[in-house]
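Dropping run.txt in here (compact mmCIF, C-alpha atoms):
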```txt
# COMPACT_ATOMS: atom_id res chain seq x y z
CA MET A 98 376.44 13.99 130.92
CA THR A 99 377.69 17.53 131.11
CA ALA A 100 377.98 17.53 127.33
CA ALA A 101 374.48 16.07 127.11
CA ALA A 102 373.19 18.86 129.34
CA SER A 103 373.95 21.23 126.47
CA LEU A 104 370.95 19.72 124.68
CA ALA A 105 368.55 20.45 127.53
CA THR A 106 365.88 22.96 126.64
CA ALA A 107 363.69 22.65 129.71
CA PHE A 108 364.01 22.33 133.45
CA LEU A 109 363.27 18.62 133.81
CA PRO A 110 365.83 17.26 131.31
CA LEU A 111 368.48 19.51 132.82
CA PHE A 112 367.53 18.32 136.31
CA VAL A 113 367.73 14.65 135.29
CA LEU A 114 371.07 15.17 133.55
CA ARG A 115 372.46 16.86 136.65
CA LEU A 116 371.27 13.85 138.65
CA ASP A 117 373.17 11.61 136.24
CA VAL A 118 376.34 13.62 136.73
CA GLY A 119 375.88 13.02 140.46
CA PHE A 120 375.46 9.29 139.93
CA GLY A 121 378.59 9.11 137.85
CA GLU A 122 380.67 11.13 140.25
CA ALA A 123 379.61 9.06 143.22
CA ALA A 124 381.42 6.10 141.64
CA VAL A 125 384.68 8.01 141.12
CA ALA A 126 385.97 8.19 144.68
CA PRO A 127 385.45 4.54 145.78
CA SER A 128 386.97 3.29 142.51
CA ALA A 129 389.93 5.65 142.69
CA ILE A 130 390.73 4.79 146.31
CA SER A 131 390.48 1.11 145.47
CA LEU A 132 392.81 1.46 142.47
CA ILE A 133 395.34 3.47 144.46
CA SER A 134 395.43 1.14 147.43
CA ASP A 135 396.06 -1.83 145.15
CA ARG A 136 398.98 -0.07 143.51
CA PHE A 137 400.60 1.57 146.52
CA ASP A 138 401.56 -0.11 149.76
CA ARG A 139 400.63 1.34 153.14
CA ILE A 140 403.71 3.55 153.29
CA ARG A 141 403.37 5.13 149.86
CA ARG A 142 399.58 5.30 149.89
CA PRO A 143 399.06 8.61 151.77
CA PRO A 144 400.92 10.85 149.27
CA ALA A 145 399.15 9.13 146.38
CA VAL A 146 395.71 9.58 147.96
CA SER A 147 396.56 13.20 148.86
CA LEU A 148 397.45 14.02 145.27
CA TYR A 149 394.23 12.41 144.07
CA MET A 150 392.16 14.33 146.65
CA ALA A 151 393.81 17.58 145.57
CA GLY A 152 392.06 17.02 142.24
CA SER A 153 388.76 18.12 143.85
CA PHE A 154 390.16 21.51 144.76
CA ILE A 155 391.94 21.94 141.44
CA GLY A 156 388.65 21.18 139.69
CA ALA A 157 386.49 23.38 141.90
CA ALA A 158 388.92 26.27 141.53
CA ALA A 159 389.22 25.76 137.77
CA ALA A 160 385.44 25.68 137.29
CA LEU A 161 385.02 29.06 138.95
CA LEU A 162 388.28 30.72 137.85
CA LEU A 163 388.09 29.64 134.21
CA GLY A 164 384.30 29.28 134.00
CA ALA A 165 383.58 32.95 134.49
CA PRO A 166 385.99 34.20 131.77
CA LEU A 167 384.70 31.43 129.48
CA VAL A 168 381.13 32.61 129.96
CA HIS A 169 382.18 36.22 129.44
CA TRP A 170 384.05 35.29 126.26
CA MET A 171 381.06 33.35 124.97
CA GLU A 172 378.76 36.31 125.60
CA THR A 173 380.88 38.55 123.40
CA ALA A 174 382.16 36.15 120.72
CA PRO A 175 379.97 34.96 117.86
CA PRO A 176 378.14 31.70 118.58
CA ILE A 177 380.37 28.64 118.06
CA VAL A 178 377.57 26.18 117.50
CA VAL A 179 374.79 27.77 115.52
CA GLY A 180 371.36 27.41 117.06
CA MET A 181 372.70 26.68 120.52
CA LYS A 182 372.38 29.00 123.47
CA ARG A 183 375.70 30.14 124.85
CA TRP A 184 375.34 28.38 128.18
CA GLN A 185 374.57 25.20 126.25
CA THR A 186 377.80 25.61 124.29
CA THR A 187 379.62 26.08 127.60
CA PHE A 188 378.33 22.72 128.84
CA LEU A 189 379.31 21.11 125.54
CA LEU A 190 382.85 22.53 125.50
CA VAL A 191 383.48 21.59 129.11
CA GLY A 192 381.92 18.15 128.77
CA LEU A 193 383.80 16.99 125.68
CA PRO A 194 387.31 16.56 127.17
CA GLY A 195 385.79 13.97 129.51
CA PHE A 196 385.53 11.51 126.63
CA GLY A 197 389.25 11.81 125.89
CA LEU A 198 390.02 11.33 129.56
CA ALA A 199 387.84 8.22 129.65
CA LEU A 200 389.95 6.75 126.81
CA LEU A 201 393.16 7.63 128.66
CA MET A 202 391.89 5.66 131.64
CA LEU A 203 392.31 2.50 129.54
CA THR A 204 396.05 3.10 129.27
CA PHE A 205 397.08 1.77 132.67
CA SER A 206 396.75 -1.73 133.97
CA GLU A 207 395.16 -2.60 137.26
CA ALA A 208 397.41 -3.98 139.95
CA ALA A 209 396.45 -7.26 141.55
CA ARG A 210 394.46 -6.98 144.74
CA THR A 211 396.67 -7.50 147.71
CA GLU A 212 394.36 -6.72 150.57
CA LEU A 213 390.77 -7.75 150.79
CA ILE A 214 388.10 -7.31 153.37
CA ARG A 215 387.08 -10.91 153.90
CA THR A 216 383.39 -11.27 154.38
CA THR A 217 381.46 -14.20 155.69
CA ILE A 218 378.12 -12.54 155.08
CA THR A 219 378.03 -10.27 152.07
CA SER A 220 375.21 -7.96 152.94
CA ILE A 221 374.65 -4.35 153.82
CA ALA A 222 373.69 -5.44 157.36
CA THR A 223 377.15 -6.93 157.88
CA ALA A 224 378.79 -3.80 156.60
CA VAL A 225 376.64 -1.67 158.92
CA ARG A 226 377.59 -3.91 161.88
CA PHE A 227 381.25 -3.58 160.92
CA ILE A 228 380.96 0.20 160.93
CA VAL A 229 378.87 0.38 164.13
CA GLY A 230 381.36 -1.87 165.87
CA ARG A 231 384.03 0.71 165.12
CA SER A 232 381.79 3.68 165.76
CA LYS A 233 384.50 5.82 167.35
CA ALA A 234 386.73 5.70 164.28
CA PHE A 235 383.95 5.88 161.68
CA GLY A 236 381.92 8.37 163.75
CA THR A 237 384.68 10.94 163.98
CA LEU A 238 385.43 10.57 160.27
CA PHE A 239 381.74 10.89 159.41
CA VAL A 240 381.09 13.93 161.60
CA GLY A 241 384.38 15.52 160.56
CA SER A 242 383.76 15.18 156.84
CA ALA A 243 380.16 16.36 157.31
CA PHE A 244 381.48 19.56 158.88
CA VAL A 245 384.06 20.02 156.14
CA VAL A 246 381.39 19.79 153.44
CA THR A 247 379.00 22.06 155.37
CA LEU A 248 381.65 24.72 155.82
CA GLY A 249 382.73 24.35 152.21
CA SER A 250 379.15 24.73 150.97
CA LEU A 251 378.57 27.88 153.00
CA SER A 252 381.14 29.72 150.96
CA LEU A 253 379.20 28.99 147.79
CA MET B 296 382.35 -15.41 163.45
CA SER B 297 383.30 -12.93 166.14
CA ARG B 298 384.64 -10.62 163.46
CA PRO B 299 382.55 -10.84 160.32
CA LEU B 300 384.97 -8.69 158.35
CA GLU B 301 388.68 -8.50 158.58
CA LEU B 302 391.49 -7.09 156.54
CA GLN B 303 393.44 -9.91 155.08
CA PRO B 304 396.61 -9.71 153.02
CA ILE B 305 396.33 -12.17 150.15
CA ALA B 306 399.79 -11.61 148.71
CA SER B 307 403.24 -10.85 149.99
CA THR B 308 403.38 -7.67 152.04
CA THR B 309 406.72 -6.58 150.61
CA LEU B 310 406.84 -3.08 149.18
CA ARG B 311 405.13 -3.20 145.85
CA SER B 312 406.69 -1.50 142.92
CA ALA B 313 404.99 1.79 142.21
CA HIS B 314 405.90 1.43 138.54
CA GLY B 315 403.33 3.30 136.53
CA GLY B 316 401.45 4.04 139.72
CA TRP B 317 402.05 7.76 139.63
CA TYR B 318 400.84 7.89 136.06
CA MET B 319 397.61 6.31 137.26
CA VAL B 320 397.36 8.70 140.20
CA GLY B 321 397.92 11.61 137.82
CA LEU B 322 395.04 10.44 135.64
CA LEU B 323 392.80 9.88 138.65
CA THR B 324 393.62 13.39 139.85
CA LEU B 325 392.64 14.69 136.43
CA VAL B 326 389.39 12.69 136.56
CA GLN B 327 388.63 14.08 140.00
CA SER B 328 389.25 17.65 138.90
CA VAL B 329 387.09 17.19 135.80
CA SER B 330 384.30 15.79 137.95
CA TYR B 331 384.53 18.85 140.20
CA ILE B 332 384.53 21.13 137.18
CA ASP B 333 381.30 19.41 136.13
CA ARG B 334 379.96 19.86 139.63
CA PHE B 335 380.62 23.59 139.81
CA LEU B 336 380.14 24.52 136.17
CA PRO B 337 376.46 25.53 136.58
CA SER B 338 377.41 28.31 139.01
CA PRO B 339 378.89 30.72 136.45
CA VAL B 340 376.27 29.98 133.78
CA LEU B 341 373.30 30.05 136.15
CA PRO B 342 372.01 33.53 135.25
CA ALA B 343 371.94 32.58 131.55
CA ILE B 344 370.11 29.32 132.26
CA LYS B 345 367.59 31.13 134.42
CA ARG B 346 366.92 33.66 131.67
CA ASP B 347 366.63 31.15 128.83
CA LEU B 348 364.52 28.50 130.51
CA HIS B 349 362.45 30.95 132.58
CA LEU B 350 363.27 29.12 135.80
CA THR B 351 362.13 30.06 139.25
CA ASP B 352 364.61 30.51 142.07
CA PHE B 353 363.33 27.27 143.57
CA GLN B 354 364.13 25.38 140.36
CA LEU B 355 367.60 26.92 140.31
CA GLY B 356 367.99 25.75 143.88
CA LEU B 357 367.07 22.22 142.84
CA LEU B 358 369.64 22.31 140.06
CA LEU B 359 372.47 23.72 142.09
CA GLY B 360 371.64 22.35 145.48
CA PRO B 361 371.36 24.53 148.55
CA ALA B 362 372.10 22.90 151.87
CA PHE B 363 368.71 21.58 152.76
CA HIS B 364 370.19 18.80 154.72
CA SER B 365 372.90 20.54 156.64
CA SER B 366 375.65 18.20 155.58
CA MET B 367 375.23 15.25 153.25
CA SER B 368 372.61 16.04 150.68
CA ARG B 369 372.91 19.27 148.84
CA SER B 370 369.67 18.76 146.91
CA ALA B 371 369.25 16.45 143.97
CA PHE B 372 372.85 16.43 142.94
CA HIS B 373 374.18 15.43 146.30
CA SER B 374 371.36 13.08 147.21
CA ALA B 375 372.19 11.17 144.06
CA GLY B 376 375.77 11.17 145.23
CA SER B 377 375.02 9.91 148.69
CA LEU B 378 372.55 7.32 147.39
CA THR B 379 375.00 5.78 144.98
CA ALA B 380 378.18 6.14 147.02
CA TYR B 381 377.28 3.13 149.12
CA PRO B 382 376.21 0.73 146.38
CA GLY B 383 379.16 2.05 144.40
CA ALA B 384 381.53 1.19 147.19
CA GLN B 385 379.94 -2.23 147.49
CA PHE B 386 380.71 -3.05 143.88
CA CYS B 387 384.36 -2.15 144.23
CA PRO B 388 385.56 -5.29 146.01
CA LEU B 389 383.45 -7.47 143.72
CA ALA B 390 384.22 -6.12 140.28
CA SER B 391 387.10 -4.41 138.64
CA PRO B 392 386.94 -0.84 139.90
CA ARG B 393 387.48 0.44 136.41
CA GLY B 394 384.36 -1.37 135.31
CA VAL B 395 382.37 0.51 137.92
CA ARG B 396 383.62 3.83 136.66
```

As structure tokens:
Amino acid sequence: MTAAASLATAFLPLFVLRLDVGFGEAAVAPSAISLISDRFDRIRRPPAVSLYMAGSFIGAAAALLLGAPLVHWMETAPPIVVGMKRWQTTFLLVGLPGFGLALLMLTFSEAARTELIRTTITSIATAVRFIVGRSKAFGTLFVGSAFVVTLGSLSL
Amino acid sequence: MSRPLELQPIASTTLRSAHGGWYMVGLLTLVQSVSYIDRFLPSPVLPAIKRDLHLTDFQLGLLLGPAFHSSMSRSAFHSAGSLTAYPGAQFCPLASPRGVR
């Protein structure tokens, strides 16, 4: 989607493509946590999850640390893709490695599920009741992560 | 029925082999960092986008996402995230998580 954003020539397409990036990314974390918890038992899970979570900060730092020099280099170098604006080329260059990474994701096998949340009623209402019933645990996590994101966003 | 949901081990609880697990975690870390690169990439190229597409500051705000809900939804990008995080999480137990990705 980031690569596709390089083709945007107006506000609306760019907006929709950014929405799509959001949709895609929303699926990353639940899937990753699920994959990790199937592969690692309770004792080895925390370091694995920590390493995975560190990816966010590596990525955020890389985007800003390497993004700025990349933009500067693009402004001075001759255009790489003729007929494309330089910011569009930036999106294209940054978006392309994602396809290779997607292929790499096929190279590991999924572990069998060893823990399941057994449900008698599979509905959102049941899930909400489950969370409300444990409001102290979920509440602190929810409020805590909300503050983390708020504080993180302020620095942008 | 007192507890509609409970965590239930369906296989032996012995320590599972982490064979190949760290390779997977490494890839997932890479995926996560790439997704954050995608998330923050517009910041450095924003002035160029604004110039080329003749955008207003409000439109830039919509693209990048200021905190107009104090926490969860940083504009379009994050609303999409918070809207799909829940259905996304719902699919995980049902389907292969890789299929969801």

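Across the model, the gap from atom CA of A:Gly119 to atom CA of B:Ser338 is 15.4 Å.
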
Rank nothing, just name the residue among A:Leu238, A:Leu189, A:Ile155, A:Ile130 nearest to chain B, using only C-alpha atoms. A:Ile155

What is the atom CA of A:Gly156-atom CA of B:Tyr331 distance in Å, reported with one decimal? 4.8 Å

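Closest approach to A:Gln185 from the set B:Leu325, B:Leu336, B:Leu350, B:Leu358 is made by B:Leu336, with distances taken over all atoms listed in the file.
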
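Restricting the calculation to all atoms listed in the file, the smallest distance between chain B and any of A:Ala234, A:Leu193, A:Ala165, A:Leu109 is found for A:Ala165.
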
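Closest approach to A:Leu162 from the set B:Gly356, B:Pro339, B:Thr351, B:Arg346 is made by B:Pro339, with distances taken over only C-alpha atoms.
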
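Between atom CA of A:Leu116 and atom CA of A:Ala158 lies a distance of 21.8 Å.
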
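Comparing A:Leu114, A:Leu248, A:Met202, A:Ile140 by their smallest distance to B:Leu323, the closest is A:Met202 (using all atoms listed in the file).
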
Can you sort out the box for stretch 332-338 of chain B, edges along x, y and z, all listed atoms in, 3 Å on every side, with centre and edge lengths in Å to one decimal, as AutoDock Vina command-line options?
```
--center_x 380.5 --center_y 23.9 --center_z 138.0 --size_x 14.1 --size_y 14.9 --size_z 9.7
```

Taking 5 positions as the minimum chain separation for residues in the same chain, which residues sit within 12 Å of A:Ala159 when counting all atoms listed in the file? Answer as a list in words. Gly152, Ser153, Phe154, Gly164, Ala165, Pro166, Leu167 and Val191 of chain A; Leu325, Gln327, Ser328, Val329, Ser330, Tyr331, Ile332, Asp333, Arg334, Phe335, Leu336 and Pro339 of chain B

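Each of A:Val240, A:Val146, A:Leu200, A:Ala160 was checked against chain B using all atoms listed in the file; the smallest atom-to-atom distance is that of A:Ala160.
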